[in-house]
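The file input.csv comes next; it holds CSV, C-alpha atoms.
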chain,number,residue,atom,x,y,z
C,1,MET,CA,-201.9,14.8,57.8
C,2,ARG,CA,-204.3,15.6,60.6
C,3,GLU,CA,-201.9,14.2,63.1
C,4,GLY,CA,-199.0,16.3,61.7
C,5,ALA,CA,-197.0,13.4,60.2
C,6,PRO,CA,-194.0,14.5,58.2
C,7,THR,CA,-194.3,14.3,54.4
C,8,PRO,CA,-191.7,13.0,51.9
C,9,GLY,CA,-193.4,15.1,49.2
C,10,ALA,CA,-196.4,15.2,46.9
C,11,VAL,CA,-197.3,14.1,43.4
C,12,GLU,CA,-199.7,15.2,40.6
C,13,VAL,CA,-201.8,12.8,38.5
C,14,PRO,CA,-204.2,13.7,35.7
C,15,LEU,CA,-207.7,12.3,35.9
C,16,TYR,CA,-209.1,11.6,32.4
C,17,SER,CA,-212.7,12.0,31.3
C,18,ASP,CA,-214.8,13.1,28.3
C,19,VAL,CA,-217.1,15.5,30.3
C,20,TRP,CA,-217.0,19.2,30.9
C,21,THR,CA,-216.1,19.8,34.5
C,22,THR,CA,-217.1,22.9,36.5
C,23,GLY,CA,-215.7,24.1,39.8
C,24,GLU,CA,-212.8,22.6,41.7
C,25,VAL,CA,-212.0,21.5,45.2
C,26,THR,CA,-208.5,22.6,46.4
C,27,THR,CA,-209.1,23.1,50.2
C,28,GLY,CA,-210.7,21.1,53.0
C,29,LEU,CA,-209.7,17.6,51.8
C,30,GLY,CA,-206.5,17.2,53.7
C,31,PRO,CA,-203.7,15.9,51.5
C,32,TYR,CA,-205.9,16.0,48.3
C,33,GLN,CA,-206.6,18.8,45.9
C,34,PHE,CA,-208.7,18.5,42.7
C,35,PHE,CA,-207.8,21.2,40.1
C,36,ASN,CA,-210.0,21.8,37.1
C,37,ALA,CA,-207.8,21.5,34.0
C,38,VAL,CA,-210.5,23.1,31.8
C,39,PRO,CA,-210.1,21.0,28.7
C,40,THR,CA,-211.5,23.0,25.9
C,41,LEU,CA,-212.0,20.0,23.6
C,42,HIS,CA,-214.5,17.5,25.1
C,43,GLY,CA,-217.5,15.4,24.2
C,44,ARG,CA,-218.6,11.8,24.0
C,45,GLY,CA,-215.5,9.7,23.6
C,46,ILE,CA,-213.1,12.6,23.5
C,47,VAL,CA,-211.0,11.8,26.5
C,48,ARG,CA,-208.8,14.5,27.9
C,49,ALA,CA,-207.1,15.3,31.2
C,50,ALA,CA,-210.1,17.0,32.8
C,51,VAL,CA,-208.8,17.2,36.4
C,52,VAL,CA,-205.4,17.3,38.0
C,53,LEU,CA,-205.2,15.5,41.3
C,54,ARG,CA,-202.4,16.7,43.7
C,55,LEU,CA,-201.8,14.5,46.7
C,56,GLU,CA,-199.5,14.9,49.6
C,57,LEU,CA,-197.7,11.7,50.6
C,58,GLN,CA,-198.3,11.0,54.3
C,59,ILE,CA,-198.5,7.3,55.1
C,60,ASP,CA,-196.0,4.4,55.4
C,61,PHE,CA,-198.0,1.3,54.5
C,62,ASN,CA,-197.5,-1.8,56.7
C,63,SER,CA,-196.1,-4.9,55.1
C,64,PRO,CA,-198.7,-7.7,54.8
C,65,ASP,CA,-198.2,-11.1,56.4
C,66,PRO,CA,-196.5,-13.3,53.8
C,67,ASP,CA,-197.7,-16.5,55.2
C,68,LYS,CA,-201.5,-16.3,54.5
C,69,THR,CA,-203.9,-15.1,51.8
C,70,GLU,CA,-205.7,-12.0,52.9
C,71,PRO,CA,-207.5,-9.6,50.5
C,72,GLY,CA,-207.3,-6.8,53.1
C,73,VAL,CA,-208.2,-3.5,51.4
C,74,TYR,CA,-207.6,-4.8,47.9
C,75,HIS,CA,-209.8,-3.3,45.2
C,76,GLY,CA,-207.8,-3.9,42.1
C,77,GLY,CA,-206.1,-0.5,41.9
C,78,ARG,CA,-203.7,2.0,43.5
C,79,LEU,CA,-204.4,5.0,45.6
C,80,VAL,CA,-204.9,7.3,42.6
C,81,ASP,CA,-207.4,4.7,41.1
C,82,GLU,CA,-209.2,4.8,44.4
C,83,LEU,CA,-209.6,8.6,44.3
C,84,ALA,CA,-210.6,8.5,40.6
C,85,ALA,CA,-213.3,6.0,41.5
C,86,LEU,CA,-214.6,8.0,44.4
C,87,ALA,CA,-214.7,11.1,42.1
C,88,SER,CA,-216.8,9.1,39.6
C,89,LEU,CA,-219.2,7.9,42.2
C,90,LEU,CA,-219.7,11.4,43.7
C,91,THR,CA,-220.0,13.3,40.4
C,92,GLY,CA,-221.6,10.7,38.1
C,93,ALA,CA,-218.9,11.3,35.6
C,94,PRO,CA,-216.4,8.8,34.2
C,95,PHE,CA,-213.0,9.4,35.6
C,96,ARG,CA,-209.8,7.3,35.1
C,97,SER,CA,-206.3,8.0,36.5
C,98,GLY,CA,-203.4,8.5,34.3
C,99,GLY,CA,-199.7,8.2,35.2
C,100,LEU,CA,-197.7,10.5,37.5
C,101,SER,CA,-197.0,13.8,35.7
C,102,ARG,CA,-195.2,15.8,38.4
C,103,ARG,CA,-193.4,15.1,41.7
C,104,PHE,CA,-192.7,17.5,44.5
C,105,GLU,CA,-189.6,16.9,46.8
C,106,PRO,CA,-189.2,18.8,50.1
C,107,SER,CA,-185.6,19.8,49.2
C,108,ASP,CA,-186.2,20.3,45.4
C,109,ASP,CA,-187.8,23.0,43.2
C,110,PRO,CA,-191.0,24.2,44.9
C,111,ARG,CA,-192.7,24.1,41.4
C,112,GLY,CA,-192.1,20.4,41.2
C,113,ARG,CA,-190.4,18.2,38.7
C,114,PRO,CA,-192.2,16.9,35.6
C,115,VAL,CA,-191.9,13.1,35.3
C,116,ALA,CA,-193.0,10.6,32.6
C,117,TRP,CA,-191.7,7.3,33.9
C,118,ASP,CA,-195.1,6.0,34.9
C,119,PRO,CA,-196.0,3.3,32.3
C,120,ARG,CA,-199.7,3.8,32.7
C,121,PRO,CA,-201.3,4.6,29.3
C,122,GLU,CA,-203.8,7.3,28.6
C,123,PRO,CA,-207.3,5.8,28.8
C,124,THR,CA,-209.7,5.6,25.9
C,125,LEU,CA,-213.5,5.5,26.0
C,126,PRO,CA,-215.1,3.7,23.0
C,127,VAL,CA,-218.6,5.0,22.0
C,128,SER,CA,-221.2,3.7,19.6
C,129,LEU,CA,-222.2,5.6,16.4
C,130,TYR,CA,-225.8,4.6,16.9
C,131,GLY,CA,-226.7,6.5,20.0
C,132,ILE,CA,-225.9,6.9,23.7
C,133,VAL,CA,-226.6,4.3,26.4
C,134,LEU,CA,-225.8,6.6,29.4
C,135,PRO,CA,-226.9,10.1,28.4
C,136,THR,CA,-226.7,11.5,31.9
C,137,CYS,CA,-223.0,10.7,32.3
C,138,GLY,CA,-221.9,13.1,29.6
C,139,GLY,CA,-222.3,16.9,29.5
C,140,ASP,CA,-221.5,19.1,32.4
C,141,HIS,CA,-220.5,17.8,35.9
C,142,SER,CA,-219.6,19.8,38.9
C,143,LEU,CA,-216.6,18.8,41.1
C,144,ILE,CA,-218.2,20.4,44.2
C,145,PRO,CA,-219.7,17.0,45.3
C,146,LEU,CA,-216.1,15.9,45.9
C,147,GLU,CA,-216.3,17.8,49.2
C,148,GLN,CA,-218.0,14.7,50.6
C,149,LEU,CA,-214.5,13.1,50.6
C,150,ARG,CA,-213.8,14.8,53.8
C,151,THR,CA,-216.1,12.4,55.6
C,152,TYR,CA,-214.3,9.3,54.2
C,153,PRO,CA,-211.5,9.1,56.8
C,154,ASN,CA,-214.0,9.3,59.7
C,155,ILE,CA,-216.1,6.2,58.9
C,156,ASP,CA,-215.4,2.6,60.1
C,157,ALA,CA,-212.6,0.9,58.1
C,158,ARG,CA,-214.8,-1.9,57.0
C,159,ASN,CA,-217.4,0.5,55.7
C,160,ALA,CA,-214.7,2.5,53.9
C,161,ILE,CA,-213.5,-0.6,52.1
C,162,ALA,CA,-217.1,-1.4,51.0
C,163,VAL,CA,-217.5,2.2,49.7
C,164,ILE,CA,-214.3,2.0,47.6
C,165,ARG,CA,-215.1,-1.4,46.2
C,166,ALA,CA,-218.6,-0.2,45.2
C,167,ALA,CA,-217.0,2.9,43.7
C,168,ARG,CA,-214.5,0.9,41.7
C,169,LEU,CA,-217.2,-1.2,40.2
C,170,TYR,CA,-219.3,1.8,39.4
C,171,GLN,CA,-216.4,3.5,37.7
C,172,ASP,CA,-215.7,0.4,35.6
C,173,ALA,CA,-219.4,0.3,34.6
C,174,LEU,CA,-219.3,3.9,33.3
C,175,TRP,CA,-216.3,3.1,31.1
C,176,ALA,CA,-217.9,0.0,29.7
C,177,ALA,CA,-221.4,1.2,29.2
C,178,GLU,CA,-221.2,2.6,25.7
C,179,SER,CA,-219.2,-0.3,24.2
C,180,GLU,CA,-220.3,-3.2,26.4
C,181,PRO,CA,-223.6,-2.4,28.2
C,182,ASN,CA,-224.1,-6.0,29.3
C,183,LEU,CA,-220.8,-5.7,31.3
C,184,ALA,CA,-221.9,-2.3,32.7
C,185,TRP,CA,-225.2,-3.9,34.0
C,186,ILE,CA,-223.2,-6.7,35.7
C,187,MET,CA,-220.8,-4.2,37.3
C,188,LEU,CA,-223.5,-1.8,38.5
C,189,VAL,CA,-225.4,-4.6,40.2
C,190,SER,CA,-222.2,-5.8,41.8
C,191,ALA,CA,-221.4,-2.2,43.0
C,192,VAL,CA,-224.8,-2.1,44.8
C,193,GLU,CA,-224.2,-5.6,46.2
C,194,ALA,CA,-220.8,-4.6,47.6
C,195,ALA,CA,-222.5,-1.9,49.6
C,196,ALA,CA,-225.6,-3.9,50.4
C,197,ASN,CA,-223.6,-6.8,51.9
C,198,ARG,CA,-221.9,-4.4,54.3
C,199,TRP,CA,-225.1,-2.6,55.0
C,200,GLN,CA,-226.8,-5.8,56.1
C,201,ALA,CA,-223.9,-7.9,57.2
C,202,SER,CA,-225.8,-10.1,59.5
C,203,ASN,CA,-227.6,-13.3,58.3
C,204,ASP,CA,-231.2,-12.6,57.5
C,205,GLU,CA,-233.9,-14.9,58.6
C,206,PRO,CA,-234.4,-17.5,55.8
C,207,LEU,CA,-238.2,-17.3,55.5
C,208,GLN,CA,-238.0,-13.5,55.4
C,209,CYS,CA,-235.5,-13.8,52.5
C,210,LEU,CA,-237.7,-16.3,50.7
C,211,ARG,CA,-240.8,-14.0,50.9
C,212,SER,CA,-238.7,-11.1,49.6
C,213,ALA,CA,-236.9,-12.9,46.8
C,214,LYS,CA,-239.6,-15.4,45.8
C,215,PRO,CA,-242.9,-14.0,46.9
C,216,HIS,CA,-245.1,-16.2,44.7
C,217,LEU,CA,-243.3,-19.4,45.9
C,218,ALA,CA,-243.8,-18.2,49.5
C,219,GLU,CA,-247.5,-17.6,48.9
C,220,TYR,CA,-247.8,-21.1,47.4
C,221,LEU,CA,-246.1,-22.8,50.3
C,222,ASP,CA,-248.4,-20.9,52.7
C,223,SER,CA,-251.4,-22.1,50.8
C,224,ILE,CA,-250.4,-25.7,51.1
C,225,ASN,CA,-250.7,-25.2,54.9
C,226,VAL,CA,-248.1,-27.9,55.9
C,227,GLU,CA,-246.5,-27.0,59.2
C,228,GLY,CA,-242.8,-26.2,58.8
C,229,LEU,CA,-242.7,-26.7,55.1
C,230,ALA,CA,-242.0,-23.0,54.2
C,231,GLU,CA,-239.4,-22.7,56.9
C,232,ARG,CA,-237.6,-25.9,55.7
C,233,ILE,CA,-237.5,-24.9,52.0
C,234,ALA,CA,-236.5,-21.3,53.0
C,235,ALA,CA,-233.6,-22.7,55.0
C,236,GLU,CA,-232.5,-24.9,52.2
C,237,PHE,CA,-232.4,-22.1,49.7
C,238,ALA,CA,-231.2,-19.3,52.0
C,239,ASP,CA,-227.8,-19.0,50.2
C,240,VAL,CA,-229.8,-18.1,47.0
C,241,THR,CA,-232.5,-15.9,48.4
C,242,ARG,CA,-230.4,-13.9,50.9
C,243,PRO,CA,-228.3,-12.0,48.3
C,244,THR,CA,-231.5,-11.1,46.3
C,245,ARG,CA,-233.2,-9.7,49.5
C,246,ARG,CA,-230.1,-7.7,50.5
C,247,PHE,CA,-229.9,-6.1,47.0
C,248,VAL,CA,-233.5,-5.2,46.8
C,249,GLU,CA,-233.9,-4.0,50.4
C,250,PHE,CA,-230.7,-1.9,50.2
C,251,LEU,CA,-231.9,-0.1,47.1
C,252,LEU,CA,-235.4,0.5,48.5
C,253,ALA,CA,-234.0,1.8,51.8
C,254,HIS,CA,-231.8,4.3,49.9
C,255,LEU,CA,-234.0,4.9,46.9
C,256,PRO,CA,-233.6,8.5,45.5
C,257,SER,CA,-236.4,10.7,44.4
C,258,PRO,CA,-237.3,10.4,40.8
C,259,PRO,CA,-235.2,12.6,38.4
C,260,SER,CA,-236.3,16.2,38.2
C,261,ARG,CA,-236.7,15.9,34.4
C,262,ARG,CA,-238.7,12.9,33.1
C,263,PRO,CA,-240.3,11.9,29.8
C,264,GLU,CA,-244.0,11.4,29.2
C,265,GLU,CA,-245.7,9.2,31.7
C,266,TRP,CA,-246.0,6.2,29.5
C,267,ARG,CA,-242.2,6.2,29.1
C,268,GLN,CA,-241.5,6.4,32.8
C,269,ILE,CA,-240.8,3.6,35.3
C,270,ALA,CA,-243.0,3.2,38.3
C,271,TRP,CA,-241.5,4.5,41.5
C,272,GLU,CA,-244.0,2.9,43.9
C,273,ASP,CA,-242.6,0.3,46.3
C,274,ALA,CA,-244.3,-2.8,44.9
C,275,GLU,CA,-243.4,-2.1,41.3
C,276,MET,CA,-239.9,-1.0,42.1
C,277,ARG,CA,-239.4,-4.1,44.2
C,278,ARG,CA,-240.5,-6.3,41.3
C,279,ALA,CA,-238.3,-4.5,38.8
C,280,LEU,CA,-235.2,-4.8,41.1
C,281,ARG,CA,-235.8,-8.6,41.5
C,282,VAL,CA,-236.0,-9.0,37.7
C,283,ILE,CA,-232.7,-7.0,37.3
C,284,TYR,CA,-230.9,-9.2,40.0
C,285,GLY,CA,-232.2,-12.3,38.2
C,286,HIS,CA,-230.7,-11.1,34.9
C,287,ARG,CA,-227.4,-10.5,36.7
C,288,SER,CA,-227.4,-14.0,38.1
C,289,ARG,CA,-228.1,-15.6,34.7
C,290,ALA,CA,-225.4,-13.5,33.1
C,291,LEU,CA,-222.8,-14.7,35.7
C,292,HIS,CA,-223.9,-18.3,36.1
C,293,ASP,CA,-225.5,-19.3,32.8
C,294,GLY,CA,-223.7,-16.9,30.4
C,295,ILE,CA,-227.0,-15.3,29.3
C,296,PRO,CA,-226.4,-11.6,28.8
C,297,PHE,CA,-228.9,-8.9,29.9
C,298,PRO,CA,-231.8,-8.6,27.5
C,299,ALA,CA,-230.9,-6.7,24.4
C,300,PRO,CA,-233.6,-4.0,24.8
C,301,MET,CA,-232.1,-3.1,28.2
C,302,CYS,CA,-228.6,-2.6,26.6
C,303,ARG,CA,-229.5,-0.5,23.5
C,304,PRO,CA,-229.0,3.3,23.2
C,305,VAL,CA,-232.0,5.2,24.6
C,306,MET,CA,-234.7,7.0,22.7
C,307,HIS,CA,-235.6,10.6,23.5
C,308,SER,CA,-239.2,11.7,23.7
C,309,ALA,CA,-240.0,14.2,21.0
C,310,GLY,CA,-241.9,16.6,23.2
C,311,LYS,CA,-239.6,16.9,26.2
C,312,GLY,CA,-236.2,15.9,24.9
C,313,VAL,CA,-235.7,13.6,27.8
C,314,ALA,CA,-234.4,10.0,27.5
C,315,SER,CA,-237.1,7.3,27.9
C,316,GLU,CA,-236.8,5.4,31.2
C,317,ARG,CA,-237.9,2.0,29.9
C,318,PRO,CA,-238.6,0.2,26.7
C,319,SER,CA,-242.1,0.9,25.4
C,320,PHE,CA,-243.4,-2.4,24.0
C,321,THR,CA,-245.4,-5.5,25.0
C,322,ARG,CA,-243.0,-7.9,23.4
C,323,ALA,CA,-239.7,-7.6,21.5
C,324,SER,CA,-237.5,-10.0,19.5
C,325,GLU,CA,-233.9,-9.1,18.8
C,326,MET,CA,-230.8,-11.1,18.0
C,327,ARG,CA,-232.9,-14.3,18.1
C,328,GLY,CA,-234.1,-13.7,21.6
C,329,THR,CA,-237.6,-12.6,22.7
C,330,TRP,CA,-238.6,-10.7,25.9
C,331,LEU,CA,-241.9,-9.6,27.4
C,332,ALA,CA,-242.2,-6.1,28.8
C,333,LYS,CA,-242.3,-7.3,32.4
C,334,ASP,CA,-238.8,-8.8,31.9
C,335,VAL,CA,-237.2,-5.5,30.7
C,336,PRO,CA,-238.2,-3.1,33.5
C,337,MET,CA,-235.8,-0.2,32.7
C,338,PHE,CA,-232.9,1.1,30.7
C,339,LEU,CA,-229.4,1.1,31.9
C,340,HIS,CA,-229.2,4.9,32.5
C,341,MET,CA,-232.1,4.7,35.0
C,342,PHE,CA,-230.5,1.9,37.0
C,343,GLU,CA,-227.3,3.9,37.0
C,344,TYR,CA,-229.2,6.8,38.5
C,345,ILE,CA,-230.8,4.6,41.2
C,346,ALA,CA,-227.6,2.7,42.0
C,347,ARG,CA,-225.3,5.7,42.3
C,348,HIS,CA,-227.6,7.8,44.4
C,349,ALA,CA,-228.3,4.8,46.7
C,350,VAL,CA,-224.6,4.1,47.4
C,351,VAL,CA,-223.8,7.7,47.9
C,352,SER,CA,-226.9,8.1,50.3
C,353,TRP,CA,-225.7,5.1,52.3
C,354,TRP,CA,-222.2,6.6,52.5
C,355,GLN,CA,-223.6,9.9,53.7
C,356,ALA,CA,-225.5,8.1,56.5
C,357,LEU,CA,-222.6,6.1,57.8
C,358,PRO,CA,-221.7,7.1,61.4
C,359,ALA,CA,-218.2,8.2,62.3
C,360,ALA,CA,-216.0,5.3,63.6
As structure tokens, please, write out the structure in this file.
Amino acid sequence: MREGAPTPGAVEVPLYSDVWTTGEVTTGLGPYQFFNAVPTLHGRGIVRAAVVLRLELQIDFNSPDPDKTEPGVYHGGRLVDELAALASLLTGAPFRSGGLSRRFEPSDDPRGRPVAWDPRPEPTLPVSLYGIVLPTCGGDHSLIPLEQLRTYPNIDARNAIAVIRAARLYQDALWAAESEPNLAWIMLVSAVEAAANRWQASNDEPLQCLRSAKPHLAEYLDSINVEGLAERIAAEFADVTRPTRRFVEFLLAHLPSPPSRRPEEWRQIAWEDAEMRRALRVIYGHRSRALHDGIPFPAPMCRPVMHSAGKGVASERPSFTRASEMRGTWLAKDVPMFLHMFEYIARHAVVSWWQALPAA
């Protein structure tokens, strides 16, 4: 569109959500316009067409090489899914694309033609009757943060692919959180990892990775005082320790400020570097066990949050020394925060990284 390419027309697609949207962005985003549909009926689990996305068609996509496997820019969805995911990441609201609802042809009615041949079903959002897992993802959400989309075409293509893959995982996490919080945990950690792997694409020094991922083991190896032992073990386990280090260091480098509204101090998580580093290592360890051993995230980290009686703000972490649930037992140190706090940290970190990306 910037280059003045001819357009074969435009389409409109509803973006579904259960939140109340404010504002709209209809200028400044090139071929994209986000119209606020103002759904009067909304609330947790009440999914309506909250936004109408109008997009001008500008690009002829190149055909891939049929003789080799190449993921390319694949992220599991179409262009409208990409835009819905970026909208979720920027606003913190769950958005999902519906099917095409209107098409504009250059030689046809300027008001467009309604269509219903797209087989995509309207999305649903299951919620629990026993409380809310992600309280911050409901309520009011402004569409004004979508203005950051204007920077997306300027960044390096490899960075852009990492942003959209992180956004797609984040979007899926929001839709799974209330019904399958364990899956939401897995997808949120993976969303951060998609950005972290691009942020620190070079191979990290193995001993540095060991000190970051397994500090107690590194200290023990240093205490043995055998020349070259720590380096040898670090090199042997680099494939294990390197992903942990990237995940932790990415979040610490892009860690947002604490939320403006917080519960009583004894319900808060520690924001200091050492404590946050330890908490993030624990979370990454839970994700690894969930993927490789089939052990879900601890039940206390997946349950609906409790609100403090005095401030009316959701607790940031479980408040116990030990808990037993569903025939499992966990100590407080192994359940560092609730899902809604990690969602806050993960989303702001990925958006902050995106904002800092240089133009290609």
Handout entry: Counting all atoms listed in the file, the option among C:Ala253, C:Leu331, C:Leu146, C:Leu183 closest to Thr27 in chain C
Key = C:Leu146
Exercise for the section: Excluding Glu12 in chain C and residues on its chain fewer than 4 positions from it, collect all residues at most 7 Å away from it, counting all atoms listed in the file, and give them as a list in words. Expected result: Val52, Leu53, Arg54, Leu55, Leu100, Ser101, Arg102 and Arg103 of chain C
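Going from CA of Pro258 in chain C over to CA of Ile345 in chain C, you cover 8.7 Å.
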Point (-230.2, -3.4, 47.7) neighbourhood (12 Å, only C-alpha atoms) written as a CSV table (one decimal) with C-alpha atoms, in the coordinates of the input:
chain,number,residue,atom,x,y,z
C,188,LEU,CA,-223.5,-1.8,38.5
C,189,VAL,CA,-225.4,-4.6,40.2
C,190,SER,CA,-222.2,-5.8,41.8
C,191,ALA,CA,-221.4,-2.2,43.0
C,192,VAL,CA,-224.8,-2.1,44.8
C,193,GLU,CA,-224.2,-5.6,46.2
C,194,ALA,CA,-220.8,-4.6,47.6
C,195,ALA,CA,-222.5,-1.9,49.6
C,196,ALA,CA,-225.6,-3.9,50.4
C,197,ASN,CA,-223.6,-6.8,51.9
C,198,ARG,CA,-221.9,-4.4,54.3
C,199,TRP,CA,-225.1,-2.6,55.0
C,200,GLN,CA,-226.8,-5.8,56.1
C,212,SER,CA,-238.7,-11.1,49.6
C,213,ALA,CA,-236.9,-12.9,46.8
C,242,ARG,CA,-230.4,-13.9,50.9
C,243,PRO,CA,-228.3,-12.0,48.3
C,244,THR,CA,-231.5,-11.1,46.3
C,245,ARG,CA,-233.2,-9.7,49.5
C,246,ARG,CA,-230.1,-7.7,50.5
C,247,PHE,CA,-229.9,-6.1,47.0
C,248,VAL,CA,-233.5,-5.2,46.8
C,249,GLU,CA,-233.9,-4.0,50.4
C,250,PHE,CA,-230.7,-1.9,50.2
C,251,LEU,CA,-231.9,-0.1,47.1
C,252,LEU,CA,-235.4,0.5,48.5
C,253,ALA,CA,-234.0,1.8,51.8
C,254,HIS,CA,-231.8,4.3,49.9
C,255,LEU,CA,-234.0,4.9,46.9
C,276,MET,CA,-239.9,-1.0,42.1
C,277,ARG,CA,-239.4,-4.1,44.2
C,280,LEU,CA,-235.2,-4.8,41.1
C,281,ARG,CA,-235.8,-8.6,41.5
C,283,ILE,CA,-232.7,-7.0,37.3
C,284,TYR,CA,-230.9,-9.2,40.0
C,342,PHE,CA,-230.5,1.9,37.0
C,345,ILE,CA,-230.8,4.6,41.2
C,346,ALA,CA,-227.6,2.7,42.0
C,347,ARG,CA,-225.3,5.7,42.3
C,348,HIS,CA,-227.6,7.8,44.4
C,349,ALA,CA,-228.3,4.8,46.7
C,350,VAL,CA,-224.6,4.1,47.4
C,353,TRP,CA,-225.7,5.1,52.3
Problem - Atom-to-atom span, CA of Pro153 in chain C and CA of Thr26 in chain C, Å - result: 17.3 Å
Problem - Which of C:His75, C:His141, C:Arg317, C:Arg261 sits closest to Ile161 in chain C [using all atoms listed in the file] - result: C:His75
Exercise for the section: Would you mind telling me which residue in C:Ser88, C:Gln171, C:Gln148, C:Ser288 lies nearest to Ser352 in chain C when using all atoms listed in the file? Expected result: C:Gln148
Exercise for the section: Rank C:Met341, C:Ala299, C:Ala93, C:Ala5 by their smallest atom-to-atom distance to Ala323 in chain C, using all atoms listed in the file, and report the top residue only. Expected result: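 Checking each candidate against Ala323 in chain C, we get C:Ala299 as the closest.
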Problem - Which residue of C:Gln355, C:Ser97, C:Phe35, C:Ile295 approaches Asp118 in chain C most closely, using only C-alpha atoms - result: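 Among the listed residues, C:Ser97 lies closest to Asp118 in chain C.
The gap separating CA of Glu180 in chain C from CA of Tyr344 in chain C is 18.0 Å, in Å to one decimal.
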Problem - Expected answer as a list in words: all residues with atoms within 8 Å of (-232.5, 2.0, 25.7), all atoms listed in the file - result: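 Looking at atoms near the point gives Val133, Pro300, Met301, Cys302, Arg303, Pro304, Val305, Met306, Ser315, Glu316, Arg317, Pro318, Phe338 and Leu339 of chain C.
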Output of the above residues as a compact mmCIF listing (two decimals), keeping the file's coordinate frame, restricted to C-alpha atoms:
# COMPACT_ATOMS: atom_id res chain seq x y z
CA VAL C 133 -226.60 4.30 26.40
CA PRO C 300 -233.60 -4.00 24.80
CA MET C 301 -232.10 -3.10 28.20
CA CYS C 302 -228.60 -2.60 26.60
CA ARG C 303 -229.50 -0.50 23.50
CA PRO C 304 -229.00 3.30 23.20
CA VAL C 305 -232.00 5.20 24.60
CA MET C 306 -234.70 7.00 22.70
CA SER C 315 -237.10 7.30 27.90
CA GLU C 316 -236.80 5.40 31.20
CA ARG C 317 -237.90 2.00 29.90
CA PRO C 318 -238.60 0.20 26.70
CA PHE C 338 -232.90 1.10 30.70
CA LEU C 339 -229.40 1.10 31.90
Handout entry: Which residue of C:Lys333, C:Val38, C:Ser142, C:Arg168 approaches Arg78 in chain C most closely, using all atoms listed in the file
Key =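 Answer, going by the shortest atom-to-atom distance: C:Arg168.
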Handout entry: For Tyr220 in chain C: contacts at 12 Å, all atoms listed in the file, fewer than 4 positions along chain excluded, given as a ChimeraX atom specification
Key = /C:210-211,214-216,224-226,229-230,233
Problem - Residue contacts of Thr151 in chain C (12 Å, all atoms listed in the file) excluding same-chain residues fewer than 4 positions away, as a list in words - result: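 After dropping sequence-adjacent residues, the list is Gly28, Leu29, Gly30, Pro145, Leu146, Glu147, Ile155, Asp156, Asn159, Ala160, Val163, Val351, Trp354, Gln355, Ala356, Leu357, Pro358, Ala359 and Ala360 of chain C.
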Practice task
Give me the residues within 10 Å of Trp175 in chain C as number ranges by chain, counting all atoms listed in the file and dropping any in the same chain fewer than 3 places off.
Solution key: C: 17, 93-96, 123-127, 170-172, 178-181, 183-184
